[in-house]
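Colleague: Got a structure for you, written out below as structure tokens; questions coming shortly.
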Amino acid sequence: MKLVVLSYSHHGRSMARTAHGLGHEIVGVMDAEAEPRQQLSDDFECPGYETAACLDVSKPDAALVAGKHIEMPDHVQACVDRRIPYLLDKPFADCADRLRPAAEASEKHGVFSALVLPNRASRIVGVVKEMIADGSLGDLVLYSSRLNNGPPSRYDPTPSAWHSTPSISGGGCWAVEAAHGIDTFLQFVGDREITVVGGVMSNAMHSRVIEDSGVGVLRTADGITGIIESGYNYPSGTRGGDHFFRFIGTKASVFEQYGRNGEPLIEVHTTEGVEFSEDISHGARIQGVMGGAFDAIREGGSFEPTVVDAVRILEIQDAVYAHARQNVITHGPHPMG
């Protein structure tokens with residue numbers, strides 16, 4: 001399959017590497033800035049372009065859409081206008097309102113879209129789905145996740161330095177990382193109405209104009225609670241981060257955390273004891289999600305989640321921000337953009 005990459009970061013470059021490793025050809029790359037565009041062009045030995053008009057020249061089978069959060073909806077619209085299938089990097093946009101028109105156009109014209117959200121391919125999600133289906137988890141009552149990565153300074157020397165500019169990124173760790181946890185919550189609560197009952201955005205750790213710790217508390221009408229945490233508070237230079245899942249049911253609980261050697265361990269807790277198994281790596285999850293999307297494009301099939309789901313994720317993300325910004329106690333303590 002011939003692919004075009006629309007922008008270097010957030011994960012455009014790494015998505016392209018994964019796609020190339022899966023046997024696909026990168027026939028064109030785009031970035032408005034010269035340096036990252038040249039990096040992409042050199043990496044994949046293909047022409048580089050300043051605008052999404054490269055889609056007209058390269059005529060790809062699909063596009064990998066990434067980039068600055070305020071620009072990504074324009075990239076999506078460029079694909080929709082040309083009816084080109086696309087894989088969309090999170091965080092999709094800086095807010096739901098900016099993405100919604102392009103998402104609605106994509107849906108109207110039946111353009112294939114796929115969100116690259118690796119939790120969907122994790123074994124723990126499969127385990128919990130099976131336990132819900134066979135009744136061994138009981139009713140889900142509490143979900144929580146934590147995705148806490150290294151400090152925002154890791155972006156400073158890279159083409160992704162704009163992550164710390166809230167007018168471009170929409171915020172800090174909550175804008176960049178919360179989509180993962182929100183998507184998994186939505187995967188299990190379905191179409192239930194969700195209310196934001198709590199939110200805290202803190203920049204106490206690094207004193208920047210973006211939050212380095214964000215927590216959202218969600219609630220469905222029938223009593224399922226979701227606690228989603230994201231952060232930039234993990235020590236630099238050690239492991240990649242601190243990632244954790246918890247699913248609490250009326251009959252069992254399922255956790256995931258890291259073992260001593262950094263392996264992701266799944267724990268299933270019941271009245272009979274604890275069973276341990278190992279999850280697959282983050283890289284394998286990305287390969288699984290992207291490979292599934294490419295197969296669906298090739299076979300004319302469907303895929304979940306889509307750009308419509310991205311809008312719902314962003315709506316919840318925005319609502320948690322709005323909740324936190326109502327009070328100086330839940331937004332700060334230092335001034336934020």
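By convention in this document, the chains of the structure tokens carry letters A, B, ... by their order, each chain's residues are numbered from 1, and ligands are numbered from 1 in the order they are shown.
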Can you list, as JSON, numbers by chain, every protein, DNA or RNA residue that comes within 10 Å of segment 226-239 of chain A when you count only C-alpha atoms, leaving out same-chain residues fewer than 6 positions away?

Modeller: {"A": [141, 142, 143, 144, 145, 146, 147, 148, 149, 150, 151, 152, 153, 154, 172, 173, 174, 175, 176, 177, 178, 179, 180, 181, 182, 184, 185, 186, 189, 194, 196, 197, 198, 199, 200, 201, 202, 203, 204, 205, 206, 211, 212, 213, 214, 215, 216, 217, 218, 219, 220, 245, 246, 247, 261, 262]}

Colleague: Could you pull out the helix (DSSP H, G or I) residues of segment 67-244 of chain A, going by DSSP on the backbone, and write them as a ChimeraX atom specification?

Modeller: /A:72-81,96-108,118-121,123-134,152-155,161-164,166-169,173-189

Colleague: Rank nothing, just name the residue among A:Val128, A:Ala52, A:Leu117, A:Leu265 nearest to Glu304 of chain A, using only C-alpha atoms.

Modeller: A:Leu117

Colleague: When you draw a straight line from atom CA of Asp191 of chain A to atom CA of Thr225 of chain A, how long is it in Å?

Modeller: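 Going from atom CA of Asp191 of chain A over to atom CA of Thr225 of chain A, I get 14.7 Å.
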
Colleague: Within 7 Å of segment 68-75 of chain A, counting only C-alpha atoms, which residues qualify if same-chain residues fewer than 3 places away don't, as a tab-separated table (two decimals) with C-alpha atoms, in the first residue's frame?

Modeller:
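The resulting file, out_23.tsv, is shown below:
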```tsv
chain	number	residue	atom	x	y	z
A	6	LEU	CA	0.91	14.47	6.77
A	9	SER	CA	4.75	15.09	14.90
A	10	HIS	CA	3.05	14.28	17.30
A	52	ALA	CA	-1.40	18.62	1.94
A	65	VAL	CA	-2.41	12.12	9.62
A	78	ALA	CA	-7.75	17.43	2.82
A	79	CYS	CA	-8.13	13.63	2.90
A	91	PRO	CA	-4.79	13.91	20.19
A	92	PHE	CA	-6.72	14.57	16.91
A	93	ALA	CA	-7.12	18.33	17.54
A	94	ASP	CA	-6.80	20.93	20.28
A	98	ARG	CA	-12.17	22.37	15.64
A	99	LEU	CA	-12.37	18.73	14.54
A	102	ALA	CA	-14.11	17.64	9.23
A	168	ILE	CA	-1.12	25.21	19.49
A	169	SER	CA	-1.46	22.04	21.56
```

Colleague: Run DSSP on the backbone and grab whatever in segment 82-300 of chain A lands in strand (DSSP E or B); send it over as a ChimeraX atom specification.

Modeller: /A:86-89,113-116,140-149,194-202,213-220,225-231,241-249,253-258,264-270,273-278

Colleague: I need the residue nearest Glu193 of chain A from this list: A:Arg17, A:Ser164, A:Arg312, A:Asp242. Use only C-alpha atoms for the distance.

Modeller: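 The answer is A:Arg312, which sits nearest to Glu193 of chain A.
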
Colleague: In Å, rounded to a single decimal, give me how far atom CA of Glu107 of chain A is from atom CA of Ser302 of chain A.

Modeller: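 Atom CA of Glu107 of chain A lies at a distance of 12.4 Å from atom CA of Ser302 of chain A.
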
Colleague: Could you check the closest approach to Ala221 of chain A for each of A:Arg192, A:His243, A:Pro159, A:Gly23 and tell me which residue wins, using only C-alpha atoms?

Modeller: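 The shortest atom-to-atom distance to Ala221 of chain A comes from A:Arg192.
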
Colleague: Record the distance separating atom CA of Lys59 of chain A and atom CA of Cys95 of chain A, expressed in Å with one decimal.

Modeller: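 Result for atom CA of Lys59 of chain A versus atom CA of Cys95 of chain A: 29.6 Å, one decimal.
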
Colleague: Write out as JSON, numbers by chain the residues lying within 12 Å of Gly21 of chain A, counting only C-alpha atoms and excluding same-chain residues fewer than 6 positions away.

Modeller: {"A": [14, 15, 44, 283, 284, 286, 287, 290, 291]}

Colleague: With only C-alpha atoms as the basis for distance, which of A:Ala133, A:Pro101, A:Glu256, A:Ile297 is at the shortest distance from Asp61 of chain A?

Modeller: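 Closest to Asp61 of chain A, using only C-alpha atoms: A:Ile297.
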
Colleague: Do you know which residues are at most 6 Å from Leu115 of chain A counting only C-alpha atoms, after dropping those on the same chain fewer than 5 positions away, and could you put them as a PyMOL selection string?

Modeller: chain A and resi 87-88+305-306

Colleague: Limited to N, CA and C atoms, could you put the picked residues into a file as a compact mmCIF listing (two decimals), in the first residue's frame?

Modeller:
```txt
# COMPACT_ATOMS: atom_id res chain seq x y z
N LEU A 87 -5.44 7.27 8.58
CA LEU A 87 -5.23 6.89 9.97
C LEU A 87 -4.87 8.15 10.73
N LEU A 88 -5.53 8.38 11.86
CA LEU A 88 -5.41 9.65 12.58
C LEU A 88 -4.71 9.47 13.91
N PRO A 305 -11.79 2.52 16.59
CA PRO A 305 -12.63 3.72 16.56
C PRO A 305 -12.36 4.57 15.32
N THR A 306 -13.30 5.47 15.02
CA THR A 306 -13.21 6.34 13.85
C THR A 306 -13.08 7.80 14.29
```

Colleague: Please determine, counting only C-alpha atoms, which residue among A:Gly249, A:Gly48, A:Gly28, A:Gly110 has the shortest atom-to-atom distance to Gly223 of chain A.

Modeller: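 Once distances to Gly223 of chain A are computed over only C-alpha atoms, the minimum belongs to A:Gly249.
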
Colleague: Would you please work out which residue, of A:Ala293, A:Gly240, A:Arg285, A:Arg120, is nearest to Pro85 of chain A when using only C-alpha atoms?

Modeller: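 Nearest candidate to Pro85 of chain A out of A:Ala293, A:Gly240, A:Arg285, A:Arg120: A:Ala293.
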
Colleague: Do you know which residues are at most 9 Å from Ala53 of chain A counting only C-alpha atoms, after dropping those on the same chain fewer than 4 positions away, and could you put them as a PyMOL selection string?

Modeller: chain A and resi 30+49+57+78

Colleague: Using C-alpha atoms, can you export the residues from the last selection as a PDB file, in the first residue's frame?

Modeller:
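Written output follows (out_22.pdb):
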```
ATOM      1  CA  MET A  30       4.507  16.716   4.241  1.00  0.00           C
ATOM      2  CA  TYR A  49       6.028  18.850   0.441  1.00  0.00           C
ATOM      3  CA  VAL A  57       0.831  14.508  -6.623  1.00  0.00           C
ATOM      4  CA  ALA A  78      -7.754  17.426   2.815  1.00  0.00           C
TER       5      ALA A  78
END
```
